[in-house]
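S.K.: Okay, so here is protein_26.txt, and as you'll see once you scroll down, it has compact mmCIF, C-alpha atoms.
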```
# COMPACT_ATOMS: atom_id res chain seq x y z
CA MET F 51 258.39 146.09 98.07
CA ILE F 52 262.10 145.31 98.24
CA ARG F 53 262.90 142.20 96.22
CA ASN F 54 264.80 139.43 97.99
CA ASP F 55 267.31 138.99 95.16
CA ARG F 56 268.31 142.64 95.24
CA ALA F 57 268.38 142.83 99.04
CA SER F 58 270.79 139.91 99.17
CA HIS F 59 273.41 141.56 96.93
CA PRO F 60 275.33 143.12 99.91
CA SER F 61 275.56 139.71 101.59
CA ARG F 62 276.83 138.02 98.42
CA SER F 63 279.29 140.83 97.78
CA LEU F 64 280.56 140.78 101.34
CA LEU F 65 280.84 136.98 101.32
CA ALA F 66 282.69 137.03 98.01
CA THR F 67 285.10 139.62 99.40
CA ALA F 68 285.70 137.49 102.50
CA LEU F 69 286.33 134.35 100.42
CA LEU F 70 288.66 136.21 98.08
CA SER F 71 290.56 137.66 101.06
CA ALA F 72 290.80 134.19 102.61
CA GLY F 73 292.12 132.72 99.35
CA LEU F 74 294.72 135.46 98.92
CA ALA F 75 295.82 135.15 102.58
CA LEU F 76 296.18 131.38 102.31
CA ALA F 77 298.02 131.66 99.03
CA SER F 78 300.37 134.22 100.53
CA GLY F 79 300.91 131.96 103.54
CA CYS F 80 301.78 129.01 101.31
CA ALA F 81 304.20 131.08 99.23
CA ALA F 82 306.00 132.30 102.34
CA ALA F 83 305.99 128.95 104.12
CA GLN F 84 309.49 128.14 102.93
CA THR F 85 310.95 131.24 104.56
CA ALA F 86 308.54 132.16 107.38
CA THR F 87 308.66 130.50 110.75
CA GLU F 88 305.74 128.48 112.09
CA VAL F 89 305.06 131.27 114.56
CA GLU F 90 304.65 133.87 111.80
CA LEU F 91 302.32 131.60 109.83
CA ALA F 92 300.18 130.90 112.91
CA ARG F 93 299.89 134.62 113.59
CA LYS F 94 298.66 135.23 110.04
CA LEU F 95 296.07 132.49 110.44
CA ASP F 96 294.91 133.99 113.74
CA ARG F 97 294.42 137.36 112.05
CA LEU F 98 292.57 135.75 109.15
CA ALA F 99 290.25 133.95 111.58
CA ALA F 100 289.45 137.24 113.31
CA GLU F 101 288.66 138.91 109.98
CA LEU F 102 286.39 136.05 108.92
CA ALA F 103 284.58 136.20 112.28
CA GLU F 104 283.93 139.90 111.72
CA VAL F 105 282.62 139.24 108.21
CA LYS F 106 280.34 136.54 109.62
CA ALA F 107 278.89 138.99 112.15
CA GLN F 108 278.22 141.60 109.47
CA LEU F 109 276.60 139.02 107.17
CA SER F 110 274.28 138.02 110.00
CA ALA F 111 273.42 141.65 110.67
CA LEU F 112 272.68 142.32 106.99
CA GLN F 113 270.38 139.29 106.89
CA GLN F 114 268.50 140.61 109.92
CA GLN F 115 268.25 144.03 108.30
CA ARG F 116 266.87 142.43 105.12
CA GLN F 117 264.23 140.57 107.10
CA THR F 118 263.25 143.78 108.88
CA THR F 119 262.94 145.82 105.70
CA ALA F 120 261.51 143.10 103.43
CA GLY F 121 257.94 144.12 104.26
CA ALA F 122 258.51 147.88 104.17
CA PRO F 123 257.38 149.99 101.19
CA ALA F 124 260.17 151.07 98.86
CA PRO F 125 261.09 154.76 99.12
CA ALA F 126 260.24 157.08 96.26
CA GLY F 127 262.70 156.89 93.40
CA GLY F 128 263.53 153.19 93.91
CA THR F 129 265.85 151.43 96.37
CA ALA F 130 269.56 151.05 96.66
CA ALA F 131 271.43 148.61 98.87
CA THR F 132 273.96 150.23 101.16
CA THR F 133 277.21 148.66 102.29
CA SER F 134 279.79 149.92 104.73
CA THR F 135 283.50 149.46 105.11
CA ALA F 136 284.34 146.66 107.53
CA GLN F 137 285.12 147.97 110.96
CA ALA F 138 288.81 147.90 111.89
CA ALA F 139 289.43 145.68 114.90
CA ALA F 140 290.60 147.50 118.02
CA PRO F 141 293.75 146.23 119.71
CA VAL F 142 292.92 143.63 122.36
CA VAL F 143 294.91 143.39 125.57
CA ALA F 144 293.66 139.99 126.73
CA ALA F 145 291.58 137.34 125.04
CA ALA F 146 288.46 135.96 126.72
CA PRO F 147 288.53 132.41 128.13
CA VAL F 148 285.25 131.69 126.36
CA PRO F 149 285.12 132.99 122.77
CA ALA F 150 282.29 135.48 122.36
CA GLU F 151 281.18 137.51 119.38
CA ARG F 152 280.22 140.87 120.83
CA GLY F 153 278.00 143.42 119.15
CA GLY F 154 274.87 143.44 117.03
CA LEU F 155 274.53 145.87 114.14
CA LEU F 156 271.69 148.38 114.31
CA GLY F 157 272.68 149.69 110.91
CA PRO F 158 275.70 150.02 108.63
CA ASN F 159 277.64 152.16 111.14
CA THR F 160 276.23 151.46 114.62
CA ILE F 161 276.78 148.48 116.93
CA LEU F 162 274.77 147.80 120.09
CA THR F 163 276.66 146.06 122.91
CA SER F 164 275.64 144.74 126.31
CA TYR F 165 276.66 142.48 129.16
CA GLY F 166 275.20 141.57 132.51
CA GLU F 167 275.68 139.43 135.63
CA ILE F 168 273.16 137.92 138.06
CA ASN F 169 274.85 136.37 141.10
CA LEU F 170 273.96 134.46 144.25
CA ASN F 171 276.42 134.42 147.18
CA ARG F 172 275.78 132.12 150.16
CA PRO F 173 278.24 132.07 153.10
CA THR F 174 278.62 128.49 154.25
CA HIS F 175 278.16 129.30 157.96
CA ARG F 176 275.83 132.30 157.76
CA LYS F 177 272.67 131.42 155.89
CA GLN F 178 271.10 134.72 156.97
CA ASP F 179 273.70 136.61 154.90
CA ALA F 180 272.93 134.83 151.60
CA GLN F 181 272.36 137.43 148.89
CA ALA F 182 271.08 137.48 145.31
CA ASP F 183 271.97 140.46 143.18
CA ILE F 184 271.85 141.84 139.66
CA ARG F 185 275.49 142.71 140.05
CA ARG F 186 275.61 144.83 136.93
CA PHE F 187 273.78 145.52 133.68
CA VAL F 188 275.53 147.40 130.89
CA LEU F 189 274.32 148.86 127.62
CA GLY F 190 276.69 150.39 125.11
CA TYR F 191 277.08 151.31 121.50
CA GLU F 192 279.81 151.94 118.99
CA HIS F 193 279.14 154.28 116.12
CA ARG F 194 281.51 154.62 113.19
CA PHE F 195 281.58 158.11 111.69
CA ASP F 196 283.83 156.93 108.89
CA GLU F 197 286.30 154.10 108.26
CA LYS F 198 288.85 155.68 110.62
CA THR F 199 286.83 157.31 113.41
CA LYS F 200 284.33 155.86 115.90
CA VAL F 201 282.79 156.58 119.30
CA VAL F 202 282.60 153.91 122.03
CA THR F 203 280.24 154.25 125.01
CA GLU F 204 278.94 152.09 127.87
CA LEU F 205 276.34 152.90 130.54
CA GLU F 206 276.27 150.64 133.61
CA VAL F 207 273.65 150.06 136.32
CA GLU F 208 274.82 148.20 139.43
CA HIS F 209 272.54 146.38 141.91
CA ALA F 210 269.35 146.84 139.87
CA VAL F 211 267.95 149.97 141.55
CA SER F 212 269.63 153.33 141.99
CA SER F 213 268.24 156.08 144.25
CA ALA F 214 269.13 157.99 147.39
CA SER F 215 267.85 155.11 149.54
CA ASP F 216 269.04 152.16 147.41
CA PRO F 217 272.51 150.60 147.00
CA GLY F 218 272.59 150.83 143.19
CA GLU F 219 274.71 153.08 141.02
CA VAL F 220 274.39 154.40 137.48
CA GLU F 221 277.67 155.26 135.82
CA VAL F 222 279.27 155.88 132.48
CA GLU F 223 281.87 153.17 132.10
CA GLN F 224 283.36 154.32 128.79
CA ALA F 225 282.88 157.28 126.47
CA TYR F 226 285.71 157.95 124.04
CA ILE F 227 286.54 158.73 120.44
CA GLU F 228 289.01 156.49 118.62
CA HIS F 229 290.76 157.46 115.41
CA GLN F 230 292.81 155.02 113.33
CA PHE F 231 295.77 156.76 111.68
CA ASN F 232 297.07 153.70 109.84
CA GLU F 233 297.27 149.92 110.24
CA THR F 234 299.58 150.31 113.24
CA TRP F 235 298.64 153.45 115.16
CA SER F 236 295.41 154.78 116.63
CA ALA F 237 294.47 157.28 119.35
CA ARG F 238 291.68 157.57 121.91
CA ALA F 239 290.35 160.60 123.77
CA GLY F 240 287.67 160.67 126.46
CA LEU F 241 286.80 158.25 129.27
CA PHE F 242 288.44 154.85 128.81
CA LEU F 243 289.53 151.79 130.79
CA ILE F 244 293.13 151.79 131.96
CA PRO F 245 295.19 148.92 130.45
CA ALA F 246 296.20 147.12 133.65
CA GLY F 247 296.32 143.39 134.36
CA LEU F 248 294.24 140.88 132.43
CA LEU F 249 290.77 141.84 133.65
CA ASN F 250 290.28 145.60 133.65
CA GLU F 251 289.82 146.11 129.91
CA HIS F 252 288.10 142.73 129.42
CA HIS F 253 285.78 142.19 132.36
CA GLU F 254 282.61 140.82 130.73
CA PRO F 255 281.32 137.66 132.50
CA THR F 256 282.24 135.49 129.49
CA SER F 257 285.82 136.78 129.78
CA PHE F 258 286.79 135.42 133.21
CA TYR F 259 286.43 132.29 135.32
CA GLY F 260 284.40 132.30 138.51
CA VAL F 261 281.24 134.06 139.59
CA GLU F 262 283.06 137.03 141.11
CA ARG F 263 286.03 138.87 139.67
CA ASN F 264 289.28 137.90 141.37
CA PHE F 265 290.40 139.90 144.43
CA VAL F 266 293.81 140.88 143.07
CA GLU F 267 292.20 142.69 140.14
CA THR F 268 289.48 144.31 142.25
CA ALA F 269 291.08 145.11 145.63
CA ILE F 270 294.56 146.06 144.35
CA ILE F 271 293.84 146.98 140.72
CA PRO F 272 290.41 148.61 141.08
CA SER F 273 287.76 147.23 138.75
CA THR F 274 286.54 148.69 136.51
CA TRP F 275 289.20 151.38 136.60
CA ARG F 276 288.67 154.17 134.12
CA GLU F 277 290.14 157.63 133.66
CA GLY F 278 289.61 160.57 131.36
CA GLY F 279 292.44 161.50 129.04
CA ILE F 280 294.21 160.66 125.81
CA GLN F 281 296.15 157.58 124.75
CA VAL F 282 297.89 156.17 121.71
CA VAL F 283 297.70 152.50 120.74
CA GLY F 284 300.18 150.71 118.51
CA ALA F 285 299.70 147.17 117.20
CA PHE F 286 302.75 145.76 115.40
CA GLU F 287 303.26 142.81 113.06
CA ASN F 288 305.64 141.12 115.51
CA GLY F 289 302.80 140.61 118.02
CA VAL F 290 303.61 143.61 120.24
CA THR F 291 300.85 146.00 121.33
CA VAL F 292 301.72 149.22 123.17
CA GLN F 293 299.44 151.71 124.90
CA ALA F 294 300.50 154.99 126.53
CA GLY F 295 298.78 158.15 127.60
CA LEU F 296 298.04 161.05 129.92
CA SER F 297 294.97 160.92 132.15
CA THR F 298 293.24 162.04 135.30
CA GLY F 299 294.43 160.31 138.46
CA PHE F 300 293.50 159.52 142.04
CA ASN F 301 292.38 161.99 144.70
CA LEU F 302 293.78 161.48 148.20
CA GLY F 303 291.32 164.09 149.40
CA LYS F 304 288.62 161.42 149.08
CA TRP F 305 290.30 159.13 151.65
CA ASP F 306 287.85 158.43 154.49
CA ALA F 307 289.90 157.33 157.48
CA ALA F 308 286.75 156.76 159.55
CA SER F 309 285.42 154.03 157.23
CA THR F 310 286.82 150.69 156.10
CA GLU F 311 286.50 151.49 152.38
CA GLY F 312 290.22 152.13 152.03
CA ARG F 313 290.97 148.79 153.67
CA ASP F 314 288.81 147.00 151.10
CA SER F 315 290.54 148.68 148.14
CA PRO F 316 293.00 151.56 148.66
CA LEU F 317 292.79 152.85 145.10
CA GLY F 318 289.12 152.00 144.68
CA SER F 319 288.34 154.39 147.54
CA ILE F 320 290.12 157.36 145.90
CA HIS F 321 289.21 156.60 142.27
CA GLN F 322 287.45 159.63 140.74
CA GLU F 323 285.58 157.92 137.87
CA MET F 324 285.54 161.18 135.88
CA ALA F 325 282.73 162.54 138.09
CA GLN F 326 283.78 166.21 138.33
CA ALA F 327 287.25 164.79 138.80
CA LYS F 328 289.94 166.95 140.34
CA ALA F 329 292.50 167.45 137.59
CA GLY F 330 295.20 169.58 139.17
CA ASP F 331 297.50 166.56 139.07
CA LEU F 332 297.50 164.29 136.03
CA ALA F 333 299.03 160.86 135.62
CA LEU F 334 301.03 158.96 133.01
CA PHE F 335 300.37 155.34 132.11
CA GLY F 336 301.69 152.73 129.74
CA ALA F 337 301.28 149.06 128.88
CA VAL F 338 302.98 146.59 126.58
CA ASN F 339 301.73 143.14 125.57
CA TRP F 340 303.38 140.52 123.37
CA ARG F 341 301.69 137.71 121.44
CA GLY F 342 304.61 136.48 119.36
CA VAL F 343 303.75 132.83 120.09
CA PRO F 344 300.21 131.59 119.35
CA GLY F 345 298.27 131.10 122.57
CA LEU F 346 300.76 133.07 124.70
CA LEU F 347 300.30 136.57 126.10
CA VAL F 348 302.97 138.28 128.22
CA GLY F 349 302.63 141.86 129.36
CA ALA F 350 303.16 144.63 131.89
CA SER F 351 301.66 147.99 132.79
CA VAL F 352 302.44 151.02 134.96
CA PHE F 353 300.41 154.02 136.17
CA SER F 354 301.87 156.92 138.17
CA GLY F 355 300.79 160.40 139.16
CA GLN F 356 300.53 162.89 142.00
CA ALA F 357 297.24 162.50 143.90
CA GLY F 358 297.14 165.53 146.18
CA GLN F 359 295.26 167.50 143.51
CA GLY F 360 296.55 170.75 145.07
CA GLN F 361 294.25 170.39 148.09
CA THR F 362 296.96 170.02 150.73
CA ALA F 363 300.53 171.14 151.20
CA VAL F 364 301.58 167.48 151.27
CA LYS F 365 301.99 165.76 147.93
CA GLY F 366 301.46 162.05 147.54
CA ARG F 367 302.30 160.07 144.43
CA VAL F 368 300.32 156.93 143.59
CA THR F 369 302.14 154.31 141.52
CA LEU F 370 300.72 150.97 140.47
CA TRP F 371 302.38 148.40 138.21
CA ASP F 372 301.73 144.83 137.21
CA LEU F 373 303.17 141.84 135.36
CA HIS F 374 300.80 139.37 133.73
CA ALA F 375 300.86 136.29 131.53
CA ARG F 376 298.40 133.92 129.95
CA TRP F 377 298.99 130.69 128.05
CA THR F 378 296.29 128.63 126.33
CA PRO F 379 297.88 125.38 125.06
CA GLY F 380 295.13 123.15 123.70
CA ALA F 381 292.28 122.79 126.20
CA TRP F 382 294.27 124.44 129.00
CA ASP F 383 293.95 128.08 130.05
CA LEU F 384 296.71 129.21 132.46
CA SER F 385 297.09 132.75 133.77
CA THR F 386 298.87 134.78 136.44
CA VAL F 387 299.07 138.40 137.61
CA TYR F 388 301.31 140.17 140.12
CA THR F 389 300.60 143.80 140.99
CA ARG F 390 302.08 146.24 143.51
CA GLY F 391 300.99 149.73 144.52
CA THR F 392 302.68 152.47 146.56
CA ILE F 393 301.67 155.88 147.93
CA SER F 394 304.44 158.30 148.82
CA ASN F 395 304.61 160.73 151.78
CA THR F 396 302.01 158.79 153.74
CA ALA F 397 303.62 159.69 157.09
CA ALA F 398 302.81 163.34 156.54
CA LEU F 399 299.42 162.53 155.02
CA ASN F 400 298.48 160.35 158.01
CA ALA F 401 299.65 162.89 160.63
CA THR F 402 296.19 164.47 160.78
CA LEU F 403 294.38 161.12 160.60
CA ILE F 404 295.93 159.42 163.64
CA GLY F 405 293.25 157.85 165.82
CA ASN F 406 291.05 156.81 162.92
CA PRO F 407 290.67 153.10 162.06
CA THR F 408 291.90 153.28 158.45
CA LEU F 409 295.10 155.19 157.72
CA ILE F 410 296.67 155.41 154.26
CA PRO F 411 298.97 152.44 153.54
CA ARG F 412 302.41 152.89 152.03
CA VAL F 413 302.41 149.55 150.13
CA PHE F 414 299.76 147.12 148.90
CA ASP F 415 300.09 144.18 146.53
CA GLY F 416 298.56 140.95 145.22
CA PHE F 417 299.30 137.83 143.20
CA TYR F 418 297.30 134.96 141.71
CA VAL F 419 297.72 131.87 139.59
CA GLN F 420 294.82 130.19 137.81
CA ALA F 421 294.35 127.03 135.77
CA ALA F 422 291.27 126.07 133.76
CA TYR F 423 290.64 123.10 131.49
CA LYS F 424 287.96 122.71 128.80
CA LEU F 425 286.81 119.28 129.93
CA TRP F 426 283.86 118.73 127.60
CA THR F 427 282.38 120.34 124.48
CA SER F 428 279.37 119.57 122.29
CA GLY F 429 278.40 122.14 119.72
CA ASP F 430 278.24 125.46 121.53
CA TYR F 431 278.16 123.75 124.94
CA ALA F 432 281.43 123.76 126.87
CA LEU F 433 282.36 122.84 130.44
CA ALA F 434 285.56 124.29 131.91
CA PRO F 435 286.48 123.51 135.55
CA PHE F 436 289.08 125.85 137.09
CA VAL F 437 291.05 126.50 140.27
CA ARG F 438 292.55 129.80 141.41
CA TRP F 439 294.85 130.67 144.30
CA GLU F 440 295.38 134.30 145.18
CA GLN F 441 297.16 136.27 147.87
CA PHE F 442 296.61 139.97 148.43
CA ASN F 443 297.21 142.61 151.09
CA THR F 444 295.59 146.06 150.99
CA ALA F 445 297.80 147.36 153.81
CA LYS F 446 301.11 145.55 153.48
CA ALA F 447 303.13 148.36 155.08
CA TYR F 448 302.65 151.77 156.72
CA ALA F 449 305.07 154.65 156.98
CA ASP F 450 306.57 155.11 160.45
CA LEU F 451 304.49 157.51 162.56
CA GLY F 452 306.38 156.97 165.83
CA GLN F 453 306.20 154.45 168.60
CA GLY F 454 302.64 153.39 169.38
CA LEU F 455 301.17 155.37 166.49
CA THR F 456 302.14 153.33 163.43
CA PRO F 457 299.41 150.82 162.53
CA ASP F 458 300.35 147.17 162.20
CA ALA F 459 300.50 145.82 158.67
CA THR F 460 297.63 143.48 157.92
CA ARG F 461 298.20 139.80 157.26
CA ASN F 462 298.15 138.48 153.72
CA GLU F 463 294.73 137.14 152.79
CA GLN F 464 294.76 133.95 150.76
CA VAL F 465 291.74 132.67 148.86
CA TRP F 466 291.22 129.38 147.05
CA THR F 467 288.46 129.30 144.43
CA PHE F 468 287.25 126.01 142.93
CA GLY F 469 284.54 126.03 140.30
CA ALA F 470 283.45 125.71 136.70
CA ASN F 471 282.10 127.78 133.81
CA PHE F 472 279.43 126.16 131.66
CA GLN F 473 279.00 127.82 128.29
CA LEU F 474 275.51 127.60 126.79
CA THR F 475 276.57 129.63 123.75
CA PRO F 476 279.66 131.74 123.15
CA ASN F 477 277.66 134.64 124.64
CA VAL F 478 275.95 133.01 127.66
CA VAL F 479 277.66 131.38 130.63
CA LEU F 480 276.54 129.66 133.84
CA LYS F 481 279.00 129.66 136.74
CA ALA F 482 279.40 127.93 140.09
CA ASP F 483 282.28 127.98 142.57
CA TYR F 484 283.33 127.67 146.19
CA GLN F 485 285.70 130.17 147.84
CA ARG F 486 287.75 129.47 150.95
CA PHE F 487 289.50 132.29 152.85
CA ARG F 488 292.49 131.72 155.12
CA GLU F 489 292.02 134.79 157.38
CA ALA F 490 288.38 135.88 157.02
CA THR F 491 286.98 132.37 157.36
CA ASP F 492 283.49 133.74 157.94
CA GLN F 493 283.59 134.78 154.27
CA ASN F 494 283.80 131.20 152.98
CA ARG F 495 280.98 130.90 150.47
CA VAL F 496 279.28 129.19 147.57
CA ASN F 497 278.57 131.34 144.51
CA LEU F 498 276.25 130.85 141.54
CA GLY F 499 276.13 133.12 138.53
CA LEU F 500 274.56 133.81 135.15
CA GLY F 501 276.24 136.09 132.64
CA TRP F 502 275.85 137.22 129.05
CA ASN F 503 277.71 139.38 126.60
CA PHE F 504 277.12 140.57 123.04
```
Represent the structure contained in this file as C-alpha cells.
M.R.:
Amino acid sequence: MIRNDRASHPSRSLLATALLSAGLALASGCAAAQTATEVELARKLDRLAAELAEVKAQLSALQQQRQTTAGAPAPAGGTAATTSTAQAAAPVVAAAPVPAERGGLLGPNTILTSYGEINLNRPTHRKQDAQADIRRFVLGYEHRFDEKTKVVTELEVEHAVSSASDPGEVEVEQAYIEHQFNETWSARAGLFLIPAGLLNEHHEPTSFYGVERNFVETAIIPSTWREGGIQVVGAFENGVTVQAGLSTGFNLGKWDAASTEGRDSPLGSIHQEMAQAKAGDLALFGAVNWRGVPGLLVGASVFSGQAGQGQTAVKGRVTLWDLHARWTPGAWDLSTVYTRGTISNTAALNATLIGNPTLIPRVFDGFYVQAAYKLWTSGDYALAPFVRWEQFNTAKAYADLGQGLTPDATRNEQVWTFGANFQLTPNVVLKADYQRFREATDQNRVNLGLGWNF
C-alpha cells in the first residue's frame, strides 16, 4: 500500500515552491517599490495571485489523486511520486465577471474541462411560446505533452438531443495545438476561437451577465466564432497582449436568400465552422488588448478576407472590427463593445437574388454598454445585479440595386436587459433577467438560467 507520508511529498514540495516563489516576488516588489510605479507593482501582484491560484488547483488535484491511489496495491519494484512542471498560463483576452477556477486534473499532464447552461425563456405576452432548453453542454480537455506544448479541445452538444429530426447539434468548438516559445511568445495551430470582442473567447456562463449572451456579440459578432488556421500570441510585461494569424473565412455561397437566417446574423449564416470548409480564400485577423492599469482592459480586433471561395465570378470581402473596454473598480463591473461589419460587391452578389426576402447587407453593426455591481457577498455566495443597453442592426445598409429593387435598411433594434447573477460558488451561477425590445415587442421576455464551469 502507498504510505500517506510518502504520497504527500509532492504536495509539500509544490507548496514549498509556491511559498518560496511568493516570498521572492514580494521581496522583489518591496525592493523595487522606490522606483516602480504603483501600476507596475499592482501588475506584479496580479501575476503572483494567478500563479498561486494555479498552485492551489494542482495541490487539490494531487490530494484527490492521493485519495484515489491510497487503497491501490503498490506496483512491483516500489513506488515513486511523480510531479509535473506547472502549466504555463495562456494569454487571456477578457477576465470573467465571476472568478472561476476552471479545470480538474486527471493526471500530471491532463486537465478535464466543462461548462453548461440550462435556460428558461418566457415571453411576457405569449405563454404558449415559453421554452426550457439545455442550451449547451461542453466537455473538453487539455493535455500537456511537455512544458512547452499542449493540445486544447472542446466538444459541444446544443439543445440536448441531436439527430436528423431534432434541433440539437454536436460540434467541435476547439481543437488546436499550442506551443510556448518563451515567456512572451506562443503559437497555435488548428481550430480556435477568433479573438473578437469580450465574449467570443470567454463565453462560459460564469463569464458573462444575463441568461442569454448579448445580441451584439451573437448577431453581429457570431458566437462562438471559430476558424481553422495558425496564430501567434504575444504577452508583454507592459500589459499588452497581441494576437495575429491566418485562418479560414466566411463562405458567401452559403447565403440562403429564401430564409431569414441572414437577417438574424449575417456572418453567423455564412460561418463555416471548419466543417469541410471552403478554403480557396483565407482571411487575416489581429487583436490587441492592454491591461496597463489594474482592473482596466482596453482592446480592439479586426478580421478580413475574401468570401467568394472561388465559387462565383464576383468576389466579396467580409471585414469585421470592434473596439471594447472593461473596467472593474471595486465592486463595479463596467463594459462596452462597438462592432461594425461590411461585405463588399453586394450589388453584384445580390443581382441574382432579387425577389427573395433576405438579400446580403452591405453594412451591419452593434453597440452595448453594461454596468454590474457586486451588491452582496458571503463566503462563496455573491449577488451582482446588472443592467445592459444594446443597439444592433443586421441590415443597416444595402448596396443600390436600382429604383424599386433596393431593400430598405432595417431599423435599429434596442434591447434593455435588467437582471442579476447569483454565484453559489465560483463555478456555479444562477441567473434571472427581463429583456425589453423596442421594435420586436413580442419578444419581451423573462429568462431564468443555471450555469456551471470548471
S.K.: Kindly give the distance, in Å, that separates atom CA of F:Lys365 and atom CA of F:Glu277, rounded to a single decimal.
M.R.: 20.3 Å
S.K.: What's the 10 Å shell around F:Leu248, counting only C-alpha atoms, without same-chain residues fewer than 2 positions away, as a ChimeraX atom specification?
M.R.: /F:143-146,245-246,250-253,257-258,267,347,349-350,372-376,385-387
S.K.: With C-alpha atoms kept, could you save the residues just selected as an mmCIF file, keeping the file's coordinate frame?
M.R.:
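Heads up, here's the output in out_1.cif:
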```cif
data_model
loop_
_atom_site.group_PDB
_atom_site.id
_atom_site.type_symbol
_atom_site.label_atom_id
_atom_site.label_comp_id
_atom_site.auth_asym_id
_atom_site.auth_seq_id
_atom_site.Cartn_x
_atom_site.Cartn_y
_atom_site.Cartn_z
ATOM 1 C CA VAL F 143 294.910 143.390 125.570
ATOM 2 C CA ALA F 144 293.660 139.990 126.730
ATOM 3 C CA ALA F 145 291.580 137.340 125.040
ATOM 4 C CA ALA F 146 288.460 135.960 126.720
ATOM 5 C CA PRO F 245 295.190 148.920 130.450
ATOM 6 C CA ALA F 246 296.200 147.120 133.650
ATOM 7 C CA ASN F 250 290.280 145.600 133.650
ATOM 8 C CA GLU F 251 289.820 146.110 129.910
ATOM 9 C CA HIS F 252 288.100 142.730 129.420
ATOM 10 C CA HIS F 253 285.780 142.190 132.360
ATOM 11 C CA SER F 257 285.820 136.780 129.780
ATOM 12 C CA PHE F 258 286.790 135.420 133.210
ATOM 13 C CA GLU F 267 292.200 142.690 140.140
ATOM 14 C CA LEU F 347 300.300 136.570 126.100
ATOM 15 C CA GLY F 349 302.630 141.860 129.360
ATOM 16 C CA ALA F 350 303.160 144.630 131.890
ATOM 17 C CA ASP F 372 301.730 144.830 137.210
ATOM 18 C CA LEU F 373 303.170 141.840 135.360
ATOM 19 C CA HIS F 374 300.800 139.370 133.730
ATOM 20 C CA ALA F 375 300.860 136.290 131.530
ATOM 21 C CA ARG F 376 298.400 133.920 129.950
ATOM 22 C CA SER F 385 297.090 132.750 133.770
ATOM 23 C CA THR F 386 298.870 134.780 136.440
ATOM 24 C CA VAL F 387 299.070 138.400 137.610
#
```
S.K.: Report as a list in words all protein, DNA and RNA residues lying within 6 Å of F:Leu480, evaluated on all atoms listed in the file, omitting residues in the same chain fewer than 5 positions from it.
M.R.: Asn471, Phe472, Gly499 and Leu500 of chain F
S.K.: For F:Asp331, please output as a list in words all residues within 9 Å (counting all atoms listed in the file; exclusion window: fewer than 6 positions along the same chain).
M.R.: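 My list of contacting residues is Thr298, Gly299, Phe300, Asn301, Gly355, Gln356, Ala357, Gly358, Gln359 and Gly360 of chain F.
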S.K.: For a quick check of understanding, using all atoms listed in the file, which of F:Ala432, F:Leu241, F:Ala398, F:Val220 has the smallest distance to F:Val478?
M.R.: F:Ala432
S.K.: Excluding F:Lys481 and residues on its chain fewer than 4 positions from it, collect all residues at most 10 Å away from it, counting only C-alpha atoms, and give them as a PyMOL selection string.
M.R.: chain F and resi 169+255-256+259-262+433-435+469-473+497-501
S.K.: From the set F:Tyr165, F:Phe414, F:Val222, F:Leu399, which residue has the shortest atom-to-atom contact distance to F:Ala307, counting only C-alpha atoms?
M.R.: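 Among the listed residues, F:Leu399 lies closest to F:Ala307.
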S.K.: Can you pull out every residue within 8 Å of F:Leu317, counting all atoms listed in the file, but drop anything in the same chain fewer than 6 positions away, and send it as a list in words?
M.R.: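 In the requested format, the answer is Ala269, Ile270, Ile271, Pro272 and Phe300 of chain F.
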S.K.: Tell me, in Å to one decimal, how far atom CA of F:Val343 is from atom CA of F:Tyr418.
M.R.: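 Taking atom CA of F:Val343 as the start and atom CA of F:Tyr418 as the end point, the length is 22.7 Å.
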S.K.: Find, counting all atoms listed in the file, the residue in F:Val465, F:Val338, F:Ile393, F:Val282 that gets nearest to F:Gln493.
M.R.: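 Checking each of F:Val465, F:Val338, F:Ile393, F:Val282 against F:Gln493, counting all atoms listed in the file, the winner is F:Val465.
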